[in-house]
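Here is the structure we will look at.
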Amino acid sequence: MRDVYVAGIGITTFTRLEFALSEIASYASMMALKDAGVSEVDDVYVANMGAPRVNHQTALASAVVDSLSLTPAGAAAIENGPASGGSAIKAGFQAVASGMSDVVLVAGVERMREVNNLEATDFVATLTHPIAEYIYGVTLPAHAAMFTRLYMEKYGVTERHLAMVGVKNQNAALNNEWAHLQQEITLEGILDSPEAMTNNPYVAEPLRFFDACPVSDGGAAVILVSKEKALELGRPLIRLSGIGQATDTHAVHERVEPTDLLAVRKAAADAFEMAGLTPEDVDVAELHDAFTILEIAESEEVGFFPKGEGHLALERGETALGGKIPINVGGGLKGRGHPVGATGVAQAWEIVTQLRGDGGARQVEDAKVGFTCNFGGFGNNVVCLTFVREG
Amino acid sequence: MNREIYAYKCKRCGTMHYPFRMVCKECKQNDFFEFDTVPLPKNGKLLTYTKVYNLPAQYEVATLGLGIVELENGMRMLGQIEIDNPKMGMPVKGNVEVVRQEDYDDFYGMVFRDA
């Protein structure tokens with residue numbers, strides 16, 4: 001297997017975007033191509049979850065490859081729910097590592113604001129089990145809420161811990177010009193003041209408005225290349241050194257221990273094993289905080305903290321910028337936004353930005369090893385990646 | 001009419017599944033559709049629950065109660081709950097009713113109430 005490097009990265013602002021879906025993907029891709037200094041690629045993978053349903057467009061990769069005038073390169077869209085981005089990066093890695101391709105463009109894109117919030121919620125809910133979950137009106141916030149209640153009961157996580165994650169990540173987004181949310185929040189405003197219940201109403205009890213990521217449009221892209229090509233291009237050598245992907249039961253109720261996220265545990269362990277790293281080696285991490293509880297739970301499952309102690313590490317400030325393991329310093333899904341298909345690629349974008357030392361006000365000092373966890377379904381399809389700066 | 005929701009019992013090893021799956025998760029040896037159907041128990045205890053405020057487009061109600069219930073035989077299922085003050089661990093009793101309506105289709109599922 002050949003080593004694979006990230007030679008270029010690009011992103012759009014995550015917000016409501018009044019551009020065609022393929023243009024959003026192409027904008028981020030163009031930025032990544034220019035960053036890498038390449039104008040031809042062997043293959044294009046486009047991560048997207050909702051184009052056929054939300055944007056009435058199929059075969060998205062064919063549109064993107066042509067818009068970028070990259071034809072006759074190979075092109076395919078990859079739909080894998082919220083883990084589409086990580087899955088597309090895995091496909092790009094395999095193409096380069098196998099020797100079949102030398103240069104691969106991986107773009108992630110979603111345009112969910114084309115429909116109203118109720119339709120967007122329903123669209124994401126279609127990833128749940130059709131018979132045992134979807135027909136009941138289950139939404140992703142509902143799954144996260146039921147999971148949160150179990151976590152609170154078992155480990156002593158409180159609404160204050162959840163709000164602390166929300167404040168940390170949304171305020172971190174203030175240091176990220178591409179992030180969706182650009183509004184500072186405080187624990188006082190969303191939890192403690194008499195107005196808190198108005199500012200921060202329940203979405204799915206016990207989760208509130210500020211526990212959930214916003215519905216965003218946006219795109220992100222990375223260029224994956226062989227070592228030979230990476231040396232030729234002369235960009236900072238960032239190696240995609242580990243990939244783990246794991247699945248779990250489709251229906252959440254079938255999991256033996258409902259507070260475990262076994263797919264996260266396995267995907268992270270596999271990524272670390274492949275890279276020859278341990279969780280202690282990680283300098284900066286992007287976890288999939290679609291809901292605040294997920295950052296806490298994932299920080300345990302990937303091995304940063306013992307099970308049931310993620311909220312204690314949060315209390316000690318270990319997950320903030322300057323802490324032992326800074327998590328979601330660019331805002332995470334909570335602050336940056338969550339255009340579903342783009343998220344896994346946007347996580348890689350943030351990590352490469354950090355490993356290049358280009359993080360500006362949110363830079364983790366001397367970051368050499370980065371980690372991402374892209375959480376699909378409600379934890380039933382998870383992709384974890386490790387990135388290492390060489391030289 | 002007394003409606004049921006069925007579990008699927010592997011004819012080879014007896015393992016029960018809900019919802020249906022093509023291959024038994026325990027023995028992984030069954031042939032095509034080699035399962036017996038067994039009605040799920042309707043009584044159980046509430047494992048976890050939520051009250052949802054932003055619902056998918058088809059729901060014309062303000063809030064919706066949802067929960068995961070551990071049934072008498074140890075299996076679990078998700079259902080709607082119509083309980084004023086739900087508590088984790090409380091006994092509940094299920095009934096199969098319409099849980100979603102779309103144009104001309106009715107979808108039946110389990111609705112749990114205070115036992």
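Identifiers for the structure tokens are assigned positionally: chains receive A, B, ... in sequence, residues are indexed from 1 per chain, and ligands are indexed from 1 in the order shown.
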Quiz item: When the cut-off is 6 Å and we count only C-alpha atoms, which residues of chain A are near chain B, given as a count of residues only?
Solution: 11
Self-check item: Backbone-only DSSP, strand (DSSP E) members of region 11-68 of chain B, as a ChimeraX atom specification
Solution: /B:16-17,35-39,43-52,64-68
Quiz item: Excluding same-chain residues fewer than 6 positions from region 266-283 of chain A, what lies within 7 Å of it counting only C-alpha atoms, as a PyMOL selection string?
Solution: chain A and resi 241-246+302-304+325+367-371+382-386
Self-check item: Shell of 12 Å around Glu4 (chain B), only C-alpha atoms, local chain residues under 2 positions omitted, as a PyMOL selection string
Solution: chain B and resi 1-2+6-7+37-42+94-97+108-111
Quiz prompt | Selection near Arg208 (chain A), 10 Å with only C-alpha atoms, sequence-local residues under 3 positions removed, as a ChimeraX atom specification | solution = /A:141,145,159,162-163,190-191,197,199-205,211-212,291-292 /B:53
Quiz item: Asn43 (chain B): which residues within 6 Å, counting only C-alpha atoms, same-chain residues fewer than 5 positions away excluded, as JSON, numbers by chain?
Solution: {"B": [71, 72, 92, 93]}
Quiz prompt | Between CA of Val264 (chain A) and CA of Asn380 (chain A) - distance in Å to one decimal | solution =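 Computing the Euclidean distance for CA of Asn380 (chain A) and CA of Val264 (chain A) yields 8.6 Å.
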Exercise. Excluding region 113-115 of chain A and residues on its chain fewer than 6 positions from it, collect all residues at most 8 Å away from it, counting only C-alpha atoms, and give them as a PyMOL selection string.
Key: chain A and resi 16-17+54-55+215-217
Quiz item: Hey, can you check how far CA of Leu181 (chain A) sits from CA of Asp289 (chain A)?
Solution: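 We find that CA of Leu181 (chain A) and CA of Asp289 (chain A) lie 14.2 Å from each other.
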